[in-house]
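S.K.: One structure is given below, represented as structure tokens, and several questions about it will come after.
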Amino acid sequence: MIRLQKLLAQSGVASRRKCEELMLDGLVEVDGEIVTRLGTKVDPTTAVIRVDGRRLPPISPNVYLVLNKPRGVVSTMSDPQGRRTISDLVADRPERLFHVGRLDTDTTGLLLLTNDGEFAHRMAHPSYEVYKTYVAEVSGLVDRAVLDRLKAGVTLEDGPVEVSKVRVVSSNGHGDKARSIVELVIHEGRNRIVRRLLDEVGHPVLQLTRTAFGPVKLGRLPSGALRDLTSAELGKLLDAAQL
């Protein structure tokens with residue numbers, strides 16, 4: 001057990017004195033109850049703490065990482081065909097890591113890695129509806145009718161797909177050389193779902209990148225590089241996973 005204001009300060013919320021002020025102002029919540037008594041002790045590994053509504057992740061031995069997966073890397077930790085895998089990119093990490101869902105071998109972008117098996121399972125499960133953002137270069141000029149069809153929902157051979165948001169970022173060219181850049185947000189995780197969805201509406205994918213997973217954004221993370229989730233990102237994902 002540890003004093004709450006000390007834990008807040010150690011977690012980088014603010015100085016110890018400022019954390020005490022936050023408590024006295026009624027802005028700190030532990031397990032659903034506002035805590036204003038200075039000196040209150042909590043279990044840093046299990047307490048659900050919020051500061052001004054923002055979830056503070058518990059102290060944990062687990063790691064939560066963002067990987068910018070390069071093209072050509074298989075979203076597995078081993079491959080019987082000898083192809084390059086995620087494990088090749090994290091060979092220097094001591095943890096046994098799980099990947100959250102998958103990206104196609106030809107798809108680049110944001111992939112979450114963790115040694116927290118329950119977190120990985122929940123983040124990949126459709127019932128928790130964590131939205132993913134993709135940017136696709138497709139053949140042809142995507143018009144308003146196609147956007148409307150996507151927003152209305154498209155039924156594929158394995159069931160309907162709901163698109164939360166979709167927009168054309170840019171388009172250029174004519175005839176066979178026409179290209180469009182499309183950004184879309186879905187919470188589905190089925191195999192090659194974005195490629196199959198866009199192919200169904202007549203715009204085959206040429207290149208595909210996942211740019212966000214819920215609140216986590218790829219940003220300028222170089223291809224093949226890793227970074228830790230921020231405290232704010234992890235807090236939001238833990239809430240989404242009901243952990």
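Numbering starts fresh at 1 for the residues of each chain in the structure tokens, the chains themselves are lettered A, B, ... in the order given, and ligands are numbered from 1 as they appear.
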For Pro160 in chain A, please output as a PDB file with C-alpha atoms, in the first residue's frame all residues within 12 Å (counting only C-alpha atoms; exclusion window: fewer than 4 positions along the same chain).
M.R.:
ATOM      1  CA  LEU A 150     -19.658   2.624 -47.315  1.00  0.00           C
ATOM      2  CA  LYS A 151     -21.349   4.688 -44.608  1.00  0.00           C
ATOM      3  CA  ALA A 152     -24.582   2.733 -45.116  1.00  0.00           C
ATOM      4  CA  GLY A 153     -22.728  -0.543 -44.510  1.00  0.00           C
ATOM      5  CA  VAL A 154     -21.536  -3.197 -46.920  1.00  0.00           C
ATOM      6  CA  THR A 155     -22.296  -6.915 -46.691  1.00  0.00           C
ATOM      7  CA  LEU A 156     -19.424  -9.261 -47.507  1.00  0.00           C
ATOM      8  CA  ILE A 186     -13.989   0.642 -38.453  1.00  0.00           C
ATOM      9  CA  GLU A 188     -13.923  -4.854 -37.276  1.00  0.00           C
ATOM     10  CA  ARG A 190     -11.776  -9.811 -39.626  1.00  0.00           C
ATOM     11  CA  ILE A 193     -11.463  -6.712 -43.949  1.00  0.00           C
ATOM     12  CA  ARG A 196     -12.200  -6.836 -49.118  1.00  0.00           C
ATOM     13  CA  LEU A 197     -14.489  -3.939 -48.235  1.00  0.00           C
ATOM     14  CA  GLU A 200     -16.419  -4.822 -52.954  1.00  0.00           C
TER      15      GLU A 200
END
S.K.: How many Å separate CA of Val205 in chain A from CA of Asn172 in chain A?
M.R.: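 Between CA of Val205 in chain A and CA of Asn172 in chain A the gap is 15.3 Å.
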S.K.: Identify, on the basis of only C-alpha atoms, every residue whose closest approach to Leu184 in chain A does not exceed 6 Å; exclude the query and any residue fewer than 4 positions from it along the same chain; express the result as a ChimeraX atom specification.
M.R.: /A:133-134,165-166
S.K.: Would you mind exporting the chosen residues as a short mmCIF file (atom, residue, chain, number, x, y, z; two decimals), in the first residue's frame, restricted to all heavy atoms?
M.R.:
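Final output, out_30.cif:
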data_model
loop_
_atom_site.label_atom_id
_atom_site.label_comp_id
_atom_site.auth_asym_id
_atom_site.auth_seq_id
_atom_site.Cartn_x
_atom_site.Cartn_y
_atom_site.Cartn_z
N THR A 133 -8.26 3.10 -37.40
CA THR A 133 -8.25 4.03 -38.52
C THR A 133 -7.24 3.56 -39.56
O THR A 133 -6.09 3.23 -39.20
CB THR A 133 -7.89 5.45 -38.05
OG1 THR A 133 -8.80 5.86 -37.03
CG2 THR A 133 -7.96 6.44 -39.21
N TYR A 134 -7.67 3.53 -40.81
CA TYR A 134 -6.81 3.09 -41.91
C TYR A 134 -6.75 4.16 -42.98
O TYR A 134 -7.74 4.88 -43.21
CB TYR A 134 -7.35 1.81 -42.55
CG TYR A 134 -7.37 0.61 -41.65
CD1 TYR A 134 -8.43 0.38 -40.78
CD2 TYR A 134 -6.33 -0.32 -41.67
CE1 TYR A 134 -8.46 -0.73 -39.96
CE2 TYR A 134 -6.35 -1.44 -40.84
CZ TYR A 134 -7.42 -1.64 -39.98
OH TYR A 134 -7.44 -2.73 -39.17
N LYS A 165 -16.59 6.05 -40.03
CA LYS A 165 -16.27 7.29 -40.73
C LYS A 165 -15.51 6.95 -42.00
O LYS A 165 -14.75 5.97 -42.03
CB LYS A 165 -15.40 8.21 -39.86
CG LYS A 165 -16.06 8.71 -38.60
CD LYS A 165 -15.10 9.60 -37.81
CE LYS A 165 -15.73 10.07 -36.50
NZ LYS A 165 -14.78 10.89 -35.70
N VAL A 166 -15.68 7.75 -43.02
CA VAL A 166 -14.90 7.58 -44.24
C VAL A 166 -14.83 8.92 -44.96
O VAL A 166 -15.79 9.69 -44.97
CB VAL A 166 -15.50 6.48 -45.16
CG1 VAL A 166 -16.92 6.84 -45.60
CG2 VAL A 166 -14.61 6.22 -46.36
#
S.K.: Enumerate the residues of range 18-183 of chain A with a DSSP assignment of strand (DSSP E or B), computed from the backbone, and present them as JSON, numbers by chain.
M.R.: {"A": [28, 29, 30, 33, 34, 41, 42, 49, 50, 51, 54, 55, 56, 64, 65, 66, 67, 68, 69, 74, 85, 98, 99, 108, 109, 110, 111, 112, 113, 114, 132, 133, 134, 135, 136, 137, 138, 139, 154, 155, 156, 159, 160, 161, 165, 166, 167, 168, 169, 170, 171, 172, 179, 180, 181, 182, 183]}
S.K.: Create the file for the chosen residues now, containing C-alpha atoms and written as a compact mmCIF listing (two decimals), in the first residue's frame.
M.R.:
# COMPACT_ATOMS: atom_id res chain seq x y z
CA VAL A 28 -9.06 12.32 -7.65
CA GLU A 29 -11.19 9.19 -7.74
CA VAL A 30 -10.28 5.70 -6.54
CA GLU A 33 -15.20 7.17 -5.17
CA ILE A 34 -13.75 10.66 -4.77
CA LYS A 41 -3.32 4.52 1.06
CA VAL A 42 -4.08 2.46 -2.04
CA ILE A 49 -7.51 5.74 -10.19
CA ARG A 50 -8.77 8.72 -12.15
CA VAL A 51 -7.44 12.27 -12.05
CA ARG A 54 -8.50 10.56 -16.78
CA ARG A 55 -7.58 6.96 -15.99
CA LEU A 56 -4.17 6.45 -14.41
CA TYR A 64 2.43 -2.02 -23.74
CA LEU A 65 4.11 -1.12 -27.01
CA VAL A 66 3.32 0.43 -30.38
CA LEU A 67 5.03 -1.04 -33.44
CA ASN A 68 5.05 0.47 -36.91
CA LYS A 69 4.90 -2.79 -38.85
CA VAL A 74 4.09 -11.44 -41.07
CA THR A 85 7.99 -11.92 -38.52
CA PHE A 98 1.64 -10.94 -27.80
CA HIS A 99 0.40 -8.97 -30.77
CA THR A 108 1.87 -1.43 -42.81
CA GLY A 109 1.27 0.60 -39.68
CA LEU A 110 0.19 0.48 -36.10
CA LEU A 111 0.25 -2.80 -34.21
CA LEU A 112 0.04 -3.11 -30.43
CA LEU A 113 2.35 -5.52 -28.60
CA THR A 114 2.16 -6.53 -24.94
CA LYS A 132 -9.17 1.39 -35.97
CA THR A 133 -8.25 4.03 -38.52
CA TYR A 134 -6.81 3.09 -41.91
CA VAL A 135 -5.48 5.09 -44.83
CA ALA A 136 -5.71 3.31 -48.18
CA GLU A 137 -4.47 4.19 -51.64
CA VAL A 138 -7.01 2.70 -54.05
CA SER A 139 -7.42 2.55 -57.79
CA VAL A 154 -21.54 -3.20 -46.92
CA THR A 155 -22.30 -6.92 -46.69
CA LEU A 156 -19.42 -9.26 -47.51
CA GLY A 159 -21.35 -10.75 -42.95
CA PRO A 160 -22.00 -7.00 -42.86
CA VAL A 161 -19.31 -4.40 -42.19
CA LYS A 165 -16.27 7.29 -40.73
CA VAL A 166 -14.90 7.58 -44.24
CA ARG A 167 -13.49 10.44 -46.29
CA VAL A 168 -11.44 11.04 -49.42
CA VAL A 169 -8.10 12.59 -48.50
CA SER A 170 -7.04 13.20 -52.10
CA SER A 171 -7.56 11.94 -55.64
CA ASN A 172 -5.82 12.45 -58.96
CA ARG A 179 -5.92 7.00 -57.74
CA SER A 180 -7.59 8.05 -54.48
CA ILE A 181 -6.40 8.20 -50.88
CA VAL A 182 -9.21 7.19 -48.52
CA GLU A 183 -9.30 7.29 -44.72
S.K.: Can you tell me which residues surround Pro215 in chain A at a distance of at most 12 Å, considering only C-alpha atoms, apart from same-chain residues fewer than 4 positions away, and format the answer as a PyMOL selection string?
M.R.: chain A and resi 66+110+130-133+211+219+229-240
S.K.: Please produce a file of those selected residues containing N, CA, C and O atoms, as an mmCIF file, in the first residue's frame.
M.R.:
data_model
loop_
_atom_site.group_PDB
_atom_site.id
_atom_site.type_symbol
_atom_site.label_atom_id
_atom_site.label_comp_id
_atom_site.auth_asym_id
_atom_site.auth_seq_id
_atom_site.Cartn_x
_atom_site.Cartn_y
_atom_site.Cartn_z
ATOM 1 N N VAL A 66 3.806 0.144 -29.032
ATOM 2 C CA VAL A 66 3.322 0.435 -30.379
ATOM 3 C C VAL A 66 4.429 0.076 -31.356
ATOM 4 O O VAL A 66 5.578 0.502 -31.181
ATOM 5 N N LEU A 110 0.247 0.614 -37.543
ATOM 6 C CA LEU A 110 0.186 0.477 -36.098
ATOM 7 C C LEU A 110 -0.270 -0.901 -35.642
ATOM 8 O O LEU A 110 -1.344 -1.370 -36.005
ATOM 9 N N VAL A 130 -13.097 -1.352 -30.173
ATOM 10 C CA VAL A 130 -12.039 -0.352 -30.279
ATOM 11 C C VAL A 130 -11.877 -0.005 -31.749
ATOM 12 O O VAL A 130 -11.656 -0.876 -32.590
ATOM 13 N N TYR A 131 -12.008 1.247 -32.073
ATOM 14 C CA TYR A 131 -11.996 1.657 -33.474
ATOM 15 C C TYR A 131 -10.577 1.739 -34.021
ATOM 16 O O TYR A 131 -9.646 2.141 -33.321
ATOM 17 N N LYS A 132 -10.450 1.328 -35.278
ATOM 18 C CA LYS A 132 -9.168 1.389 -35.966
ATOM 19 C C LYS A 132 -9.294 2.317 -37.173
ATOM 20 O O LYS A 132 -10.305 2.287 -37.877
ATOM 21 N N THR A 133 -8.265 3.099 -37.397
ATOM 22 C CA THR A 133 -8.250 4.030 -38.522
ATOM 23 C C THR A 133 -7.237 3.559 -39.556
ATOM 24 O O THR A 133 -6.091 3.228 -39.204
ATOM 25 N N THR A 211 -3.327 3.684 -39.178
ATOM 26 C CA THR A 211 -2.734 4.885 -38.592
ATOM 27 C C THR A 211 -3.144 5.121 -37.147
ATOM 28 O O THR A 211 -2.520 5.932 -36.460
ATOM 29 N N GLY A 219 1.476 8.407 -35.736
ATOM 30 C CA GLY A 219 2.314 9.602 -35.788
ATOM 31 C C GLY A 219 3.507 9.419 -36.703
ATOM 32 O O GLY A 219 3.396 8.836 -37.782
ATOM 33 N N LEU A 229 3.397 2.837 -25.019
ATOM 34 C CA LEU A 229 2.166 3.614 -24.924
ATOM 35 C C LEU A 229 2.345 4.683 -23.854
ATOM 36 O O LEU A 229 3.010 4.456 -22.845
ATOM 37 N N THR A 230 1.764 5.856 -24.072
ATOM 38 C CA THR A 230 1.766 6.869 -23.029
ATOM 39 C C THR A 230 0.777 6.458 -21.936
ATOM 40 O O THR A 230 -0.097 5.605 -22.147
ATOM 41 N N SER A 231 0.906 7.081 -20.790
ATOM 42 C CA SER A 231 -0.014 6.806 -19.685
ATOM 43 C C SER A 231 -1.453 7.103 -20.096
ATOM 44 O O SER A 231 -2.366 6.337 -19.786
ATOM 45 N N ALA A 232 -1.659 8.212 -20.805
ATOM 46 C CA ALA A 232 -3.013 8.580 -21.230
ATOM 47 C C ALA A 232 -3.575 7.566 -22.214
ATOM 48 O O ALA A 232 -4.745 7.174 -22.123
ATOM 49 N N GLU A 233 -2.757 7.125 -23.176
ATOM 50 C CA GLU A 233 -3.210 6.129 -24.158
ATOM 51 C C GLU A 233 -3.588 4.822 -23.469
ATOM 52 O O GLU A 233 -4.647 4.247 -23.726
ATOM 53 N N LEU A 234 -2.710 4.360 -22.574
ATOM 54 C CA LEU A 234 -2.959 3.095 -21.891
ATOM 55 C C LEU A 234 -4.192 3.189 -21.010
ATOM 56 O O LEU A 234 -5.009 2.256 -20.967
ATOM 57 N N GLY A 235 -4.356 4.302 -20.324
ATOM 58 C CA GLY A 235 -5.545 4.479 -19.487
ATOM 59 C C GLY A 235 -6.822 4.361 -20.273
ATOM 60 O O GLY A 235 -7.782 3.693 -19.850
ATOM 61 N N LYS A 236 -6.874 4.978 -21.444
ATOM 62 C CA LYS A 236 -8.076 4.911 -22.281
ATOM 63 C C LYS A 236 -8.328 3.498 -22.794
ATOM 64 O O LYS A 236 -9.475 3.033 -22.850
ATOM 65 N N LEU A 237 -7.267 2.787 -23.149
ATOM 66 C CA LEU A 237 -7.427 1.412 -23.640
ATOM 67 C C LEU A 237 -7.851 0.469 -22.525
ATOM 68 O O LEU A 237 -8.673 -0.432 -22.742
ATOM 69 N N LEU A 238 -7.319 0.670 -21.314
ATOM 70 C CA LEU A 238 -7.747 -0.161 -20.182
ATOM 71 C C LEU A 238 -9.222 0.046 -19.892
ATOM 72 O O LEU A 238 -9.953 -0.902 -19.581
ATOM 73 N N ASP A 239 -9.673 1.289 -20.008
ATOM 74 C CA ASP A 239 -11.116 1.566 -19.841
ATOM 75 C C ASP A 239 -11.926 0.870 -20.924
ATOM 76 O O ASP A 239 -12.966 0.270 -20.648
ATOM 77 N N ALA A 240 -11.445 0.957 -22.168
ATOM 78 C CA ALA A 240 -12.166 0.340 -23.283
ATOM 79 C C ALA A 240 -12.258 -1.169 -23.103
ATOM 80 O O ALA A 240 -13.259 -1.795 -23.449
#
S.K.: My list of candidates is A:Thr36, A:Ser11, A:Ser127, A:Ser75. Which is closest to Asp106 in chain A when distances are computed with only C-alpha atoms?
M.R.: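 Of A:Thr36, A:Ser11, A:Ser127, A:Ser75, the one nearest Asp106 in chain A is A:Ser75, counting only C-alpha atoms.
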S.K.: What gap, in Å, lies between CA of Arg122 in chain A and CA of Pro94 in chain A?
M.R.: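 According to the coordinates, CA of Arg122 in chain A and CA of Pro94 in chain A are separated by 23.2 Å.
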S.K.: With only C-alpha atoms as the atoms that count, which of A:Leu97, A:Leu22, A:Leu103, A:Leu198 lies nearest to Val146 in chain A?
M.R.: A:Leu198
S.K.: Please measure the separation of CA of Leu89 in chain A and CA of Gly224 in chain A, giving the value in Å to one decimal.
M.R.: 6.6 Å
S.K.: Just asking: which residues within range 102-160 of chain A are alpha helix (DSSP H) according to DSSP, as a PyMOL selection string?
M.R.: chain A and resi 117-124+144-152
S.K.: Output the selection as a CSV table (one decimal), in the first residue's frame - N, CA and C atoms for each residue.
M.R.:
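Saved as selection.csv:
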chain,number,residue,atom,x,y,z
A,117,GLY,N,-1.6,-10.9,-21.6
A,117,GLY,CA,-2.4,-11.7,-22.4
A,117,GLY,C,-3.9,-11.4,-22.4
A,118,GLU,N,-4.4,-11.0,-21.2
A,118,GLU,CA,-5.8,-10.7,-21.1
A,118,GLU,C,-6.1,-9.4,-21.9
A,119,PHE,N,-5.2,-8.4,-21.7
A,119,PHE,CA,-5.3,-7.1,-22.4
A,119,PHE,C,-5.3,-7.4,-24.0
A,120,ALA,N,-4.4,-8.2,-24.4
A,120,ALA,CA,-4.3,-8.5,-25.9
A,120,ALA,C,-5.6,-9.2,-26.4
A,121,HIS,N,-6.1,-10.1,-25.6
A,121,HIS,CA,-7.3,-10.8,-26.0
A,121,HIS,C,-8.5,-9.8,-26.1
A,122,ARG,N,-8.7,-9.0,-25.1
A,122,ARG,CA,-9.8,-8.1,-25.1
A,122,ARG,C,-9.7,-7.0,-26.2
A,123,MET,N,-8.5,-6.5,-26.4
A,123,MET,CA,-8.3,-5.5,-27.4
A,123,MET,C,-8.6,-6.0,-28.8
A,124,ALA,N,-8.4,-7.3,-29.0
A,124,ALA,CA,-8.7,-7.9,-30.3
A,124,ALA,C,-10.1,-8.4,-30.5
A,144,ARG,N,-18.9,10.5,-54.2
A,144,ARG,CA,-19.9,10.6,-53.1
A,144,ARG,C,-20.7,9.3,-53.0
A,145,ALA,N,-21.1,8.7,-54.1
A,145,ALA,CA,-22.0,7.6,-54.1
A,145,ALA,C,-21.3,6.4,-53.4
A,146,VAL,N,-20.0,6.3,-53.6
A,146,VAL,CA,-19.2,5.2,-53.0
A,146,VAL,C,-19.1,5.5,-51.5
A,147,LEU,N,-18.8,6.7,-51.1
A,147,LEU,CA,-18.8,7.1,-49.7
A,147,LEU,C,-20.1,6.8,-49.0
A,148,ASP,N,-21.2,7.2,-49.6
A,148,ASP,CA,-22.5,6.9,-49.0
A,148,ASP,C,-22.8,5.4,-48.9
A,149,ARG,N,-22.3,4.6,-49.8
A,149,ARG,CA,-22.5,3.2,-49.8
A,149,ARG,C,-21.7,2.6,-48.6
A,150,LEU,N,-20.5,3.1,-48.4
A,150,LEU,CA,-19.7,2.6,-47.3
A,150,LEU,C,-20.3,3.0,-46.0
A,151,LYS,N,-20.8,4.2,-45.9
A,151,LYS,CA,-21.3,4.7,-44.6
A,151,LYS,C,-22.6,3.9,-44.3
A,152,ALA,N,-23.3,3.5,-45.3
A,152,ALA,CA,-24.6,2.7,-45.1
A,152,ALA,C,-24.3,1.3,-44.7
S.K.: Write out as JSON, numbers by chain which residues come within 7 Å of Gly39 in chain A when counting only C-alpha atoms, dropping same-chain ones fewer than 2 positions away.
M.R.: {"A": [3, 4, 37, 41]}
